[in-house]
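Structure file start_36.json (JSON, C-alpha atoms) follows.
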[["chain", "number", "residue", "atom", "x", "y", "z"],
["A", 1, "MET", "CA", 5.23, -48.95, 17.00],
["A", 2, "LYS", "CA", 4.61, -49.95, 20.61],
["A", 3, "ALA", "CA", 5.26, -53.57, 21.58],
["A", 4, "LEU", "CA", 5.48, -55.72, 24.70],
["A", 5, "VAL", "CA", 9.00, -57.16, 24.63],
["A", 6, "ILE", "CA", 11.29, -59.47, 26.60],
["A", 7, "ASN", "CA", 15.08, -59.04, 26.46],
["A", 8, "GLN", "CA", 15.95, -62.13, 28.49],
["A", 9, "PHE", "CA", 14.25, -65.20, 29.96],
["A", 10, "GLY", "CA", 12.60, -64.84, 33.34],
["A", 11, "GLY", "CA", 9.39, -63.98, 35.18],
["A", 12, "PRO", "CA", 6.49, -61.73, 34.18],
["A", 13, "GLU", "CA", 8.56, -58.67, 35.14],
["A", 14, "GLN", "CA", 10.63, -59.23, 31.98],
["A", 15, "LEU", "CA", 7.70, -58.02, 29.87],
["A", 16, "ARG", "CA", 8.28, -54.34, 29.07],
["A", 17, "ILE", "CA", 6.82, -51.81, 26.66],
["A", 18, "GLN", "CA", 9.30, -50.73, 23.98],
["A", 19, "GLU", "CA", 9.20, -48.73, 20.76],
["A", 20, "THR", "CA", 10.22, -50.86, 17.80],
["A", 21, "SER", "CA", 9.97, -50.77, 14.02],
["A", 22, "ILE", "CA", 6.81, -51.75, 12.18],
["A", 23, "PRO", "CA", 7.58, -55.13, 10.59],
["A", 24, "GLY", "CA", 8.03, -55.30, 6.85],
["A", 25, "ARG", "CA", 5.85, -57.53, 4.71],
["A", 26, "GLY", "CA", 7.44, -60.61, 3.22],
["A", 27, "ARG", "CA", 6.20, -62.42, 0.15],
["A", 28, "GLY", "CA", 2.66, -63.67, 0.65],
["A", 29, "GLU", "CA", 2.24, -61.68, 3.87],
["A", 30, "VAL", "CA", -0.33, -59.16, 5.04],
["A", 31, "LEU", "CA", 0.35, -56.32, 7.48],
["A", 32, "VAL", "CA", -2.26, -56.28, 10.24],
["A", 33, "ARG", "CA", -2.96, -53.53, 12.76],
["A", 34, "VAL", "CA", -3.51, -55.52, 15.94],
["A", 35, "HIS", "CA", -6.60, -54.70, 17.99],
["A", 36, "ALA", "CA", -6.29, -57.63, 20.42],
["A", 37, "ALA", "CA", -3.83, -60.43, 21.16],
["A", 38, "GLY", "CA", -4.70, -63.73, 22.81],
["A", 39, "ILE", "CA", -2.63, -65.03, 25.71],
["A", 40, "ASN", "CA", -1.79, -68.74, 25.94],
["A", 41, "PRO", "CA", 0.22, -70.93, 28.35],
["A", 42, "VAL", "CA", 2.83, -71.39, 25.63],
["A", 43, "ASP", "CA", 3.58, -67.64, 25.94],
["A", 44, "PHE", "CA", 4.81, -67.83, 29.53],
["A", 45, "LYS", "CA", 6.73, -71.03, 28.77],
["A", 46, "ILE", "CA", 8.60, -69.20, 26.00],
["A", 47, "ARG", "CA", 9.11, -66.21, 28.31],
["A", 48, "ASN", "CA", 10.61, -68.28, 31.15],
["A", 49, "GLY", "CA", 12.87, -70.29, 28.82],
["A", 50, "SER", "CA", 11.09, -73.63, 29.14],
["A", 51, "LEU", "CA", 10.69, -73.87, 25.36],
["A", 52, "LYS", "CA", 13.98, -72.33, 24.21],
["A", 53, "PHE", "CA", 14.93, -75.60, 22.50],
["A", 54, "ILE", "CA", 11.91, -75.08, 20.20],
["A", 55, "ALA", "CA", 11.35, -71.33, 20.18],
["A", 56, "GLY", "CA", 14.99, -70.25, 20.15],
["A", 57, "LYS", "CA", 17.02, -67.89, 22.32],
["A", 58, "SER", "CA", 17.20, -64.66, 20.33],
["A", 59, "PHE", "CA", 16.33, -61.27, 21.88],
["A", 60, "PRO", "CA", 14.62, -58.85, 21.91],
["A", 61, "ARG", "CA", 11.48, -60.90, 21.42],
["A", 62, "ILE", "CA", 7.81, -60.05, 21.01],
["A", 63, "LEU", "CA", 5.61, -62.85, 22.31],
["A", 64, "GLY", "CA", 2.06, -63.67, 21.25],
["A", 65, "GLY", "CA", 0.70, -66.31, 18.90],
["A", 66, "ASP", "CA", -2.91, -65.11, 18.53],
["A", 67, "ILE", "CA", -4.08, -61.87, 16.95],
["A", 68, "ALA", "CA", -7.21, -60.13, 15.76],
["A", 69, "GLY", "CA", -7.18, -56.85, 13.88],
["A", 70, "VAL", "CA", -7.62, -55.00, 10.61],
["A", 71, "VAL", "CA", -5.64, -55.40, 7.40],
["A", 72, "GLU", "CA", -3.33, -52.41, 6.95],
["A", 73, "GLN", "CA", -1.51, -53.49, 3.78],
["A", 74, "ALA", "CA", -1.86, -56.38, 1.34],
["A", 75, "ASP", "CA", -0.68, -57.26, -2.17],
["A", 76, "GLU", "CA", -2.96, -56.41, -5.08],
["A", 77, "LYS", "CA", -3.49, -60.12, -5.81],
["A", 78, "SER", "CA", -4.25, -60.92, -2.18],
["A", 79, "GLU", "CA", -7.68, -62.25, -1.23],
["A", 80, "PHE", "CA", -7.58, -59.77, 1.67],
["A", 81, "ARG", "CA", -8.19, -56.04, 1.34],
["A", 82, "THR", "CA", -7.27, -53.02, 3.46],
["A", 83, "GLY", "CA", -9.87, -52.72, 6.21],
["A", 84, "ASP", "CA", -10.77, -56.42, 6.38],
["A", 85, "LYS", "CA", -11.25, -57.69, 9.93],
["A", 86, "VAL", "CA", -9.06, -60.77, 10.36],
["A", 87, "PHE", "CA", -7.70, -63.17, 12.96],
["A", 88, "ALA", "CA", -4.89, -65.69, 12.93],
["A", 89, "MET", "CA", -2.62, -68.05, 14.79],
["A", 90, "LEU", "CA", 1.00, -67.02, 14.23],
["A", 91, "SER", "CA", 4.08, -69.23, 14.11],
["A", 92, "ILE", "CA", 6.22, -70.07, 17.16],
["A", 93, "LYS", "CA", 8.15, -66.85, 16.47],
["A", 94, "GLY", "CA", 5.17, -64.90, 17.84],
["A", 95, "GLY", "CA", 4.91, -61.15, 17.39],
["A", 96, "GLY", "CA", 1.31, -60.65, 18.48],
["A", 97, "TYR", "CA", 1.95, -58.41, 21.51],
["A", 98, "ALA", "CA", 2.44, -55.38, 19.28],
["A", 99, "GLU", "CA", 0.53, -52.71, 17.36],
["A", 100, "PHE", "CA", 1.40, -54.28, 13.99],
["A", 101, "VAL", "CA", 2.35, -57.74, 12.79],
["A", 102, "SER", "CA", 3.00, -59.31, 9.39],
["A", 103, "VAL", "CA", 1.04, -62.51, 8.86],
["A", 104, "LYS", "CA", 1.23, -65.12, 6.12],
["A", 105, "GLU", "CA", -1.98, -65.10, 4.08],
["A", 106, "ARG", "CA", -2.46, -68.84, 4.52],
["A", 107, "GLN", "CA", -2.72, -68.32, 8.29],
["A", 108, "LEU", "CA", -5.38, -65.60, 8.08],
["A", 109, "CYS", "CA", -9.15, -65.81, 8.20],
["A", 110, "ARG", "CA", -11.88, -63.17, 8.20],
["A", 111, "ILE", "CA", -13.54, -62.69, 11.57],
["A", 112, "PRO", "CA", -17.10, -64.07, 11.59],
["A", 113, "GLU", "CA", -20.01, -61.71, 12.15],
["A", 114, "GLY", "CA", -20.89, -61.09, 15.78],
["A", 115, "LEU", "CA", -17.44, -61.81, 17.19],
["A", 116, "THR", "CA", -15.64, -58.98, 19.00],
["A", 117, "MET", "CA", -11.93, -58.36, 18.47],
["A", 118, "ALA", "CA", -11.21, -59.71, 21.97],
["A", 119, "GLU", "CA", -13.23, -62.86, 21.29],
["A", 120, "ALA", "CA", -11.55, -63.33, 17.92],
["A", 121, "ALA", "CA", -8.07, -62.93, 19.43],
["A", 122, "ALA", "CA", -8.91, -65.50, 22.10],
["A", 123, "THR", "CA", -9.80, -68.13, 19.52],
["A", 124, "PRO", "CA", -7.14, -69.25, 17.00],
["A", 125, "LEU", "CA", -4.47, -71.24, 18.86],
["A", 126, "ALA", "CA", -6.81, -72.83, 21.39],
["A", 127, "ALA", "CA", -9.60, -73.63, 18.94],
["A", 128, "LEU", "CA", -7.17, -74.96, 16.32],
["A", 129, "THR", "CA", -5.49, -77.13, 18.96],
["A", 130, "ALA", "CA", -8.87, -78.59, 19.92],
["A", 131, "TYR", "CA", -10.01, -79.06, 16.31],
["A", 132, "GLN", "CA", -6.77, -80.66, 15.10],
["A", 133, "ALA", "CA", -6.47, -82.86, 18.21],
["A", 134, "LEU", "CA", -9.98, -84.25, 17.78],
["A", 135, "LYS", "CA", -9.18, -85.18, 14.16],
["A", 136, "LYS", "CA", -6.24, -87.37, 15.20],
["A", 137, "GLY", "CA", -7.01, -91.02, 14.69],
["A", 138, "GLY", "CA", -9.90, -90.17, 12.38],
["A", 139, "ASP", "CA", -12.90, -87.85, 12.30],
["A", 140, "ILE", "CA", -15.50, -87.98, 15.05],
["A", 141, "LYS", "CA", -18.64, -89.83, 13.99],
["A", 142, "PRO", "CA", -22.11, -89.04, 15.34],
["A", 143, "GLY", "CA", -22.62, -90.98, 18.55],
["A", 144, "ASP", "CA", -18.91, -91.33, 19.35],
["A", 145, "ARG", "CA", -18.02, -90.86, 23.00],
["A", 146, "VAL", "CA", -15.40, -88.18, 23.68],
["A", 147, "LEU", "CA", -13.87, -87.24, 27.03],
["A", 148, "VAL", "CA", -12.14, -83.88, 27.49],
["A", 149, "ASN", "CA", -9.88, -83.48, 30.52],
["A", 150, "GLY", "CA", -9.49, -79.79, 31.37],
["A", 151, "ALA", "CA", -12.87, -78.95, 29.85],
["A", 152, "SER", "CA", -13.08, -75.42, 31.30],
["A", 153, "GLY", "CA", -9.71, -74.18, 30.02],
["A", 154, "GLY", "CA", -8.79, -72.38, 26.83],
["A", 155, "VAL", "CA", -8.35, -75.47, 24.67],
["A", 156, "GLY", "CA", -10.78, -77.64, 26.61],
["A", 157, "HIS", "CA", -13.79, -75.34, 26.38],
["A", 158, "PHE", "CA", -13.40, -75.30, 22.60],
["A", 159, "ALA", "CA", -12.92, -79.09, 22.46],
["A", 160, "VAL", "CA", -16.21, -79.72, 24.29],
["A", 161, "GLN", "CA", -18.12, -77.57, 21.81],
["A", 162, "ILE", "CA", -16.37, -78.82, 18.68],
["A", 163, "ALA", "CA", -16.94, -82.46, 19.66],
["A", 164, "LYS", "CA", -20.62, -81.67, 20.27],
["A", 165, "ALA", "CA", -20.86, -79.87, 16.92],
["A", 166, "GLN", "CA", -19.57, -83.05, 15.28],
["A", 167, "GLY", "CA", -22.24, -85.18, 16.95],
["A", 168, "ALA", "CA", -20.34, -86.73, 19.85],
["A", 169, "TYR", "CA", -21.55, -87.60, 23.33],
["A", 170, "VAL", "CA", -19.16, -85.44, 25.38],
["A", 171, "THR", "CA", -17.90, -85.88, 28.93],
["A", 172, "GLY", "CA", -16.06, -82.91, 30.40],
["A", 173, "VAL", "CA", -13.65, -83.15, 33.34],
["A", 174, "CYS", "CA", -13.10, -80.03, 35.45],
["A", 175, "SER", "CA", -13.01, -78.71, 39.03],
["A", 176, "THR", "CA", -16.07, -78.16, 41.20],
["A", 177, "ARG", "CA", -16.27, -74.42, 40.53],
["A", 178, "ASN", "CA", -16.44, -74.98, 36.76],
["A", 179, "THR", "CA", -18.99, -77.78, 36.49],
["A", 180, "GLU", "CA", -21.91, -75.50, 35.58],
["A", 181, "PHE", "CA", -19.75, -73.62, 33.07],
["A", 182, "VAL", "CA", -18.87, -76.88, 31.30],
["A", 183, "ARG", "CA", -22.52, -78.01, 31.29],
["A", 184, "ASP", "CA", -23.45, -74.69, 29.69],
["A", 185, "LEU", "CA", -20.93, -75.42, 26.93],
["A", 186, "GLY", "CA", -23.04, -78.45, 26.02],
["A", 187, "ALA", "CA", -21.26, -81.32, 27.78],
["A", 188, "ASP", "CA", -23.57, -84.32, 28.20],
["A", 189, "GLN", "CA", -21.78, -85.38, 31.38],
["A", 190, "VAL", "CA", -19.45, -83.49, 33.73],
["A", 191, "ILE", "CA", -16.98, -85.15, 36.10],
["A", 192, "ASP", "CA", -15.55, -83.20, 39.02],
["A", 193, "TYR", "CA", -11.95, -84.35, 39.31],
["A", 194, "ILE", "CA", -11.78, -83.13, 42.91],
["A", 195, "THR", "CA", -14.30, -85.77, 44.02],
["A", 196, "ASP", "CA", -14.06, -88.40, 41.26],
["A", 197, "ASP", "CA", -11.19, -90.04, 39.38],
["A", 198, "PHE", "CA", -12.35, -90.04, 35.77],
["A", 199, "THR", "CA", -9.90, -92.85, 34.88],
["A", 200, "ARG", "CA", -11.75, -95.26, 37.19],
["A", 201, "GLN", "CA", -15.22, -95.02, 35.63],
["A", 202, "LYS", "CA", -16.82, -97.89, 33.73],
["A", 203, "THR", "CA", -17.74, -95.87, 30.64],
["A", 204, "THR", "CA", -15.35, -96.18, 27.70],
["A", 205, "TYR", "CA", -14.54, -93.59, 25.02],
["A", 206, "ASN", "CA", -13.59, -93.42, 21.37],
["A", 207, "LYS", "CA", -11.35, -90.42, 22.10],
["A", 208, "VAL", "CA", -9.79, -89.18, 25.32],
["A", 209, "PHE", "CA", -8.39, -85.68, 24.88],
["A", 210, "ASP", "CA", -6.16, -84.54, 27.75],
["A", 211, "ALA", "CA", -6.30, -80.82, 27.00],
["A", 212, "VAL", "CA", -4.22, -79.93, 30.09],
["A", 213, "ALA", "CA", -1.71, -82.82, 29.96],
["A", 214, "LYS", "CA", -2.45, -83.76, 33.57],
["A", 215, "SER", "CA", -3.11, -87.48, 33.07],
["A", 216, "SER", "CA", -1.40, -90.18, 30.99],
["A", 217, "PHE", "CA", -2.02, -92.84, 28.38],
["A", 218, "ILE", "CA", -1.36, -95.58, 30.96],
["A", 219, "LYS", "CA", -4.11, -94.26, 33.24],
["A", 220, "CYS", "CA", -6.55, -93.44, 30.45],
["A", 221, "ARG", "CA", -6.29, -96.61, 28.37],
["A", 222, "LYS", "CA", -8.59, -98.36, 30.87],
["A", 223, "ILE", "CA", -11.45, -96.07, 29.78],
["A", 224, "MET", "CA", -10.70, -96.25, 26.05],
["A", 225, "ASP", "CA", -12.63, -98.36, 23.56],
["A", 226, "LYS", "CA", -10.74, -101.18, 21.87],
["A", 227, "GLU", "CA", -9.72, -98.88, 19.01],
["A", 228, "GLY", "CA", -9.77, -95.67, 21.06],
["A", 229, "ASN", "CA", -7.36, -92.75, 20.81],
["A", 230, "TYR", "CA", -5.62, -90.86, 23.60],
["A", 231, "ILE", "CA", -4.39, -87.38, 22.62],
["A", 232, "THR", "CA", -2.52, -84.96, 24.84],
["A", 233, "THR", "CA", -1.17, -81.43, 24.40],
["A", 234, "LEU", "CA", 2.24, -82.08, 25.97],
["A", 235, "PRO", "CA", 4.36, -85.08, 25.00],
["A", 236, "ASN", "CA", 6.87, -86.79, 27.27],
["A", 237, "LYS", "CA", 9.41, -89.58, 26.83],
["A", 238, "GLY", "CA", 6.91, -92.24, 27.80],
["A", 239, "LEU", "CA", 4.37, -91.00, 25.28],
["A", 240, "PHE", "CA", 6.94, -90.98, 22.47],
["A", 241, "LEU", "CA", 7.57, -94.66, 23.24],
["A", 242, "PHE", "CA", 3.87, -95.53, 23.31],
["A", 243, "GLN", "CA", 3.28, -93.64, 20.07],
["A", 244, "SER", "CA", 6.12, -95.47, 18.36],
["A", 245, "LEU", "CA", 4.40, -98.75, 19.28],
["A", 246, "ASN", "CA", 0.94, -97.74, 18.04],
["A", 247, "PHE", "CA", 1.18, -100.20, 15.17],
["A", 248, "THR", "CA", 1.31, -103.07, 17.68],
["A", 249, "ARG", "CA", -1.88, -102.21, 19.60],
["A", 250, "ASP", "CA", -5.49, -101.24, 18.97],
["A", 251, "LYS", "CA", -5.54, -98.40, 21.51],
["A", 252, "LYS", "CA", -3.46, -95.50, 20.23],
["A", 253, "ALA", "CA", -1.46, -92.77, 22.00],
["A", 254, "GLY", "CA", -0.54, -89.43, 20.46],
["A", 255, "PHE", "CA", -0.04, -85.73, 20.99],
["A", 256, "ILE", "CA", -1.06, -82.62, 19.13],
["A", 257, "MET", "CA", 1.43, -80.14, 17.68],
["A", 258, "VAL", "CA", -0.96, -77.47, 16.48],
["A", 259, "LYS", "CA", -0.24, -75.79, 13.15],
["A", 260, "PRO", "CA", -1.44, -72.40, 11.93],
["A", 261, "SER", "CA", -4.08, -72.87, 9.25],
["A", 262, "GLY", "CA", -6.41, -70.33, 7.72],
["A", 263, "GLY", "CA", -8.42, -73.20, 6.23],
["A", 264, "ASP", "CA", -9.02, -74.88, 9.58],
["A", 265, "LEU", "CA", -9.72, -71.49, 11.13],
["A", 266, "GLN", "CA", -12.44, -70.96, 8.51],
["A", 267, "ILE", "CA", -14.13, -74.14, 9.77],
["A", 268, "ILE", "CA", -13.96, -72.68, 13.29],
["A", 269, "ALA", "CA", -15.43, -69.41, 11.98],
["A", 270, "ASP", "CA", -18.29, -71.37, 10.37],
["A", 271, "TYR", "CA", -19.06, -73.01, 13.72],
["A", 272, "PHE", "CA", -19.36, -69.53, 15.25],
["A", 273, "GLU", "CA", -21.69, -68.33, 12.51],
["A", 274, "GLU", "CA", -23.84, -71.47, 12.89],
["A", 275, "GLY", "CA", -24.17, -70.81, 16.63],
["A", 276, "LYS", "CA", -22.31, -74.01, 17.53],
["A", 277, "LEU", "CA", -19.35, -72.29, 19.17],
["A", 278, "LYS", "CA", -18.75, -69.51, 21.67],
["A", 279, "VAL", "CA", -15.60, -68.28, 23.38],
["A", 280, "ASN", "CA", -15.33, -67.25, 27.00],
["A", 281, "VAL", "CA", -13.03, -64.27, 27.60],
["A", 282, "GLN", "CA", -12.53, -64.14, 31.35],
["A", 283, "LYS", "CA", -10.58, -60.89, 31.40],
["A", 284, "GLU", "CA", -9.07, -58.25, 29.13],
["A", 285, "PHE", "CA", -5.79, -56.48, 29.95],
["A", 286, "SER", "CA", -4.09, -53.52, 28.30],
["A", 287, "LEU", "CA", -0.68, -53.97, 26.69],
["A", 288, "GLU", "CA", 0.85, -52.16, 29.67],
["A", 289, "GLU", "CA", -0.71, -54.79, 31.96],
["A", 290, "GLY", "CA", 1.04, -57.65, 30.22],
["A", 291, "ALA", "CA", 2.94, -58.76, 33.34],
["A", 292, "GLN", "CA", -0.34, -59.02, 35.29],
["A", 293, "ALA", "CA", -1.87, -61.03, 32.46],
["A", 294, "HIS", "CA", 1.07, -63.47, 32.55],
["A", 295, "LYS", "CA", 0.75, -63.86, 36.30],
["A", 296, "MET", "CA", -2.88, -64.82, 35.76],
["A", 297, "ILE", "CA", -2.24, -67.32, 32.94],
["A", 298, "GLU", "CA", 0.48, -69.00, 35.04],
["A", 299, "THR", "CA", -2.07, -69.90, 37.72],
["A", 300, "GLU", "CA", -3.61, -72.35, 35.22],
["A", 301, "ARG", "CA", -6.99, -71.42, 36.70],
["A", 302, "VAL", "CA", -8.31, -69.37, 33.80],
["A", 303, "ARG", "CA", -11.86, -70.14, 32.70],
["A", 304, "GLY", "CA", -11.67, -69.91, 28.92],
["A", 305, "LYS", "CA", -9.21, -67.26, 27.77],
["A", 306, "ILE", "CA", -7.62, -63.91, 28.65],
["A", 307, "VAL", "CA", -6.66, -61.23, 26.14],
["A", 308, "LEU", "CA", -4.51, -58.14, 25.66],
["A", 309, "SER", "CA", -6.71, -55.41, 24.13],
["A", 310, "LEU", "CA", -4.66, -52.78, 22.30],
["A", 311, "ILE", "CA", -7.63, -50.92, 20.83],
["A", 312, "ARG", "CA", -10.94, -50.87, 22.72]]
Take the structure I supplied and represent it as structure tokens, if you would.
Amino acid sequence: MKALVINQFGGPEQLRIQETSIPGRGRGEVLVRVHAAGINPVDFKIRNGSLKFIAGKSFPRILGGDIAGVVEQADEKSEFRTGDKVFAMLSIKGGGYAEFVSVKERQLCRIPEGLTMAEAAATPLAALTAYQALKKGGDIKPGDRVLVNGASGGVGHFAVQIAKAQGAYVTGVCSTRNTEFVRDLGADQVIDYITDDFTRQKTTYNKVFDAVAKSSFIKCRKIMDKEGNYITTLPNKGLFLFQSLNFTRDKKAGFIMVKPSGGDLQIIADYFEEGKLKVNVQKEFSLEEGAQAHKMIETERVRGKIVLSLIR
């Protein structure tokens, strides 16, 4: 099969097309023919070696943690059948930038009606990160106030919609060029970080989700309710300390380590079918254009998501 592979850490130029073996199916796994693979910031951080302490240092390596495609092979007792359209978030090992991938059944979900393969591939990791982050510290209750920093990005644009679907009053923080986009997602209030410092406002929030890890608990605790929660996507030493002291204070600090989950992904799929969720795919690239796609994701200026489309 054809795959986009790296053989050492480095820049986007390390991504090269290679012929490799179709992966075998392990116990409880389904072989999927990949139609599209989502691209996430974690991909370029694995590629450049920033996450080698988590993702490992073995080569050759096929990146990609999001896939959408069609079931090629499954066990007789599997709930999935050949021809089913499915999507999934893979483990940190990746493997999505390829024509075939073996996926654990518990990570898979059927693609909801009306979603294209590109849209489905753009969804799992980012939407699951948003969904699981917003559950930290307890479920959102109708009327809760939620602030999402980085509201126009991959994770953020899902977080705005999921919080709204759960009944929250949502404030989205983004740049000037994305304010209308975030309003269209359903945000009740939009703050332009170029002209306003969202940490200096008088409004307080039940949850502050820093979807781009550009702020901090220290700055955000001033706008948190007495029992508010601050959640970020990227922990640091200071946050580990604050989290360890959560039992001593009302305002809590934490971070999200997203986990693949077919069950959670089914909840996301239900939101799509109910018309409460949409995904913005800014651009599709071919597998051969993988280096260009990585250059784009590294700008951190993507509105929504970008995708590798293997079959169009």
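With CA of Gly69 in chain A on one side and CA of Val302 in chain A on the other, the separation reads 23.6 Å.
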Nearby residues (all atoms listed in the file) at most 9 Å from Gln161 in chain A, same-chain spacing under 5 positions excluded, as a CSV table (one decimal) with C-alpha atoms, in the coordinates of the input:
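Output file selection.csv is given in full below:
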chain,number,residue,atom,x,y,z
A,156,GLY,CA,-10.8,-77.6,26.6
A,166,GLN,CA,-19.6,-83.0,15.3
A,170,VAL,CA,-19.2,-85.4,25.4
A,185,LEU,CA,-20.9,-75.4,26.9
A,186,GLY,CA,-23.0,-78.4,26.0
A,187,ALA,CA,-21.3,-81.3,27.8
A,276,LYS,CA,-22.3,-74.0,17.5
A,277,LEU,CA,-19.4,-72.3,19.2
A,278,LYS,CA,-18.8,-69.5,21.7
Ref. answer, residues at most 6 Å from (-8.3, -73.3, 31.9) with all atoms listed in the file, as number ranges by chain: A: 152-154, 300-304
Which polymer residues have any atom within 9 Å of an atom of range 178-183 of chain A, counting all atoms listed in the file, with same-chain residues fewer than 3 positions away left out, as a PyMOL selection string? chain A and resi 151-152+157+160+172-175+186-192+303
Distance query range 139-150 of chain A at most 10 Å, all atoms listed in the file, self and fewer than 2 positions along chain excluded, as a short mmCIF file (atom, residue, chain, number, x, y, z; two decimals) with C-alpha atoms, in the coordinates of the input:
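Final file, around.cif:
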data_model
loop_
_atom_site.label_atom_id
_atom_site.label_comp_id
_atom_site.auth_asym_id
_atom_site.auth_seq_id
_atom_site.Cartn_x
_atom_site.Cartn_y
_atom_site.Cartn_z
CA ALA A 130 -8.87 -78.59 19.92
CA GLN A 132 -6.77 -80.66 15.10
CA LEU A 134 -9.98 -84.25 17.78
CA LYS A 135 -9.18 -85.18 14.16
CA LYS A 136 -6.24 -87.37 15.20
CA GLY A 137 -7.01 -91.02 14.69
CA SER A 152 -13.08 -75.42 31.30
CA GLY A 153 -9.71 -74.18 30.02
CA GLY A 154 -8.79 -72.38 26.83
CA VAL A 155 -8.35 -75.47 24.67
CA GLY A 156 -10.78 -77.64 26.61
CA HIS A 157 -13.79 -75.34 26.38
CA PHE A 158 -13.40 -75.30 22.60
CA ALA A 159 -12.92 -79.09 22.46
CA VAL A 160 -16.21 -79.72 24.29
CA ILE A 162 -16.37 -78.82 18.68
CA ALA A 163 -16.94 -82.46 19.66
CA LYS A 164 -20.62 -81.67 20.27
CA ALA A 165 -20.86 -79.87 16.92
CA GLN A 166 -19.57 -83.05 15.28
CA GLY A 167 -22.24 -85.18 16.95
CA ALA A 168 -20.34 -86.73 19.85
CA TYR A 169 -21.55 -87.60 23.33
CA VAL A 170 -19.16 -85.44 25.38
CA THR A 171 -17.90 -85.88 28.93
CA GLY A 172 -16.06 -82.91 30.40
CA VAL A 173 -13.65 -83.15 33.34
CA CYS A 174 -13.10 -80.03 35.45
CA SER A 175 -13.01 -78.71 39.03
CA VAL A 182 -18.87 -76.88 31.30
CA ALA A 187 -21.26 -81.32 27.78
CA GLN A 189 -21.78 -85.38 31.38
CA VAL A 190 -19.45 -83.49 33.73
CA ILE A 191 -16.98 -85.15 36.10
CA TYR A 193 -11.95 -84.35 39.31
CA PHE A 198 -12.35 -90.04 35.77
CA THR A 203 -17.74 -95.87 30.64
CA THR A 204 -15.35 -96.18 27.70
CA TYR A 205 -14.54 -93.59 25.02
CA ASN A 206 -13.59 -93.42 21.37
CA LYS A 207 -11.35 -90.42 22.10
CA VAL A 208 -9.79 -89.18 25.32
CA PHE A 209 -8.39 -85.68 24.88
CA ASP A 210 -6.16 -84.54 27.75
CA ALA A 211 -6.30 -80.82 27.00
CA VAL A 212 -4.22 -79.93 30.09
CA ALA A 213 -1.71 -82.82 29.96
CA LYS A 214 -2.45 -83.76 33.57
CA SER A 215 -3.11 -87.48 33.07
CA ILE A 223 -11.45 -96.07 29.78
CA MET A 224 -10.70 -96.25 26.05
CA ASP A 225 -12.63 -98.36 23.56
CA GLY A 228 -9.77 -95.67 21.06
CA ASN A 229 -7.36 -92.75 20.81
CA TYR A 230 -5.62 -90.86 23.60
CA ILE A 231 -4.39 -87.38 22.62
CA THR A 232 -2.52 -84.96 24.84
#
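Candidate residues A:Asp184, A:Glu298, A:Glu13, A:Asp270 were compared for distance to Cys109 in chain A, and the nearest is A:Asp270, using all atoms listed in the file.
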Quick one: residues within 12 Å of Gly49 in chain A, all atoms listed in the file, excluding same-chain residues fewer than 5 positions away - as a list in words? Ile6, Asn7, Gln8, Phe9, Gly10, Gly11, Pro12, Gln14, Val42, Asp43, Phe44, Ile54, Ala55, Gly56, Lys57, Ser58 and Phe59 of chain A
Between CA of Lys2 in chain A and CA of Ile17 in chain A, distance in Å (one decimal): 6.7 Å
Env of Met117 in chain A: 8 Å cut, atoms = all atoms listed in the file, seq-sep filter 5 positions within chain, self excluded. Answer as a list of chain:residue names. A:His35, A:Ala36, A:Ala68, A:Gly69
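Across the structure, CA of Lys252 in chain A and CA of Phe217 in chain A are spaced 8.7 Å apart.
Distance check against Asp196 in chain A using only C-alpha atoms: of A:Lys104, A:Tyr271, A:Leu51, A:Thr176, the minimum falls on A:Thr176.
Checking A:Val86, A:Met257, A:Leu128, A:Ala291 one by one against Val32 in chain A, counting all atoms listed in the file, you find the shortest gap at A:Val86.
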Smallest atom-to-atom distance to Ala98 in chain A: which of A:Met296, A:Ala3, A:Ala122, A:Val70, using all atoms listed in the file? A:Ala3
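Closest approach to Glu227 in chain A among A:Gly64, A:Gly83, A:Gly138, A:Gly95 is made by A:Gly138 (distances from all atoms listed in the file).
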When you count all atoms listed in the file, which of these residues is closest to Gly24 in chain A: A:Ala269, A:Ile67, A:Val101, A:Ile62? A:Val101
What residues have an atom no more than 9 Å from (-8.7, -74.4, 9.4) in the file's own frame, counting only C-alpha atoms, and can you write them as number ranges by chain? A: 107, 109, 128, 131-132, 260-269
What does the file look like for those residues with C-alpha atoms, as a PDB file, keeping the file's coordinate frame?
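Printed below is out-v1.pdb as written:
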ATOM      1  CA  GLN A 107      -2.720 -68.320   8.290  1.00  0.00           C
ATOM      2  CA  CYS A 109      -9.150 -65.810   8.200  1.00  0.00           C
ATOM      3  CA  LEU A 128      -7.170 -74.960  16.320  1.00  0.00           C
ATOM      4  CA  TYR A 131     -10.010 -79.060  16.310  1.00  0.00           C
ATOM      5  CA  GLN A 132      -6.770 -80.660  15.100  1.00  0.00           C
ATOM      6  CA  PRO A 260      -1.440 -72.400  11.930  1.00  0.00           C
ATOM      7  CA  SER A 261      -4.080 -72.870   9.250  1.00  0.00           C
ATOM      8  CA  GLY A 262      -6.410 -70.330   7.720  1.00  0.00           C
ATOM      9  CA  GLY A 263      -8.420 -73.200   6.230  1.00  0.00           C
ATOM     10  CA  ASP A 264      -9.020 -74.880   9.580  1.00  0.00           C
ATOM     11  CA  LEU A 265      -9.720 -71.490  11.130  1.00  0.00           C
ATOM     12  CA  GLN A 266     -12.440 -70.960   8.510  1.00  0.00           C
ATOM     13  CA  ILE A 267     -14.130 -74.140   9.770  1.00  0.00           C
ATOM     14  CA  ILE A 268     -13.960 -72.680  13.290  1.00  0.00           C
ATOM     15  CA  ALA A 269     -15.430 -69.410  11.980  1.00  0.00           C
TER      16      ALA A 269
END
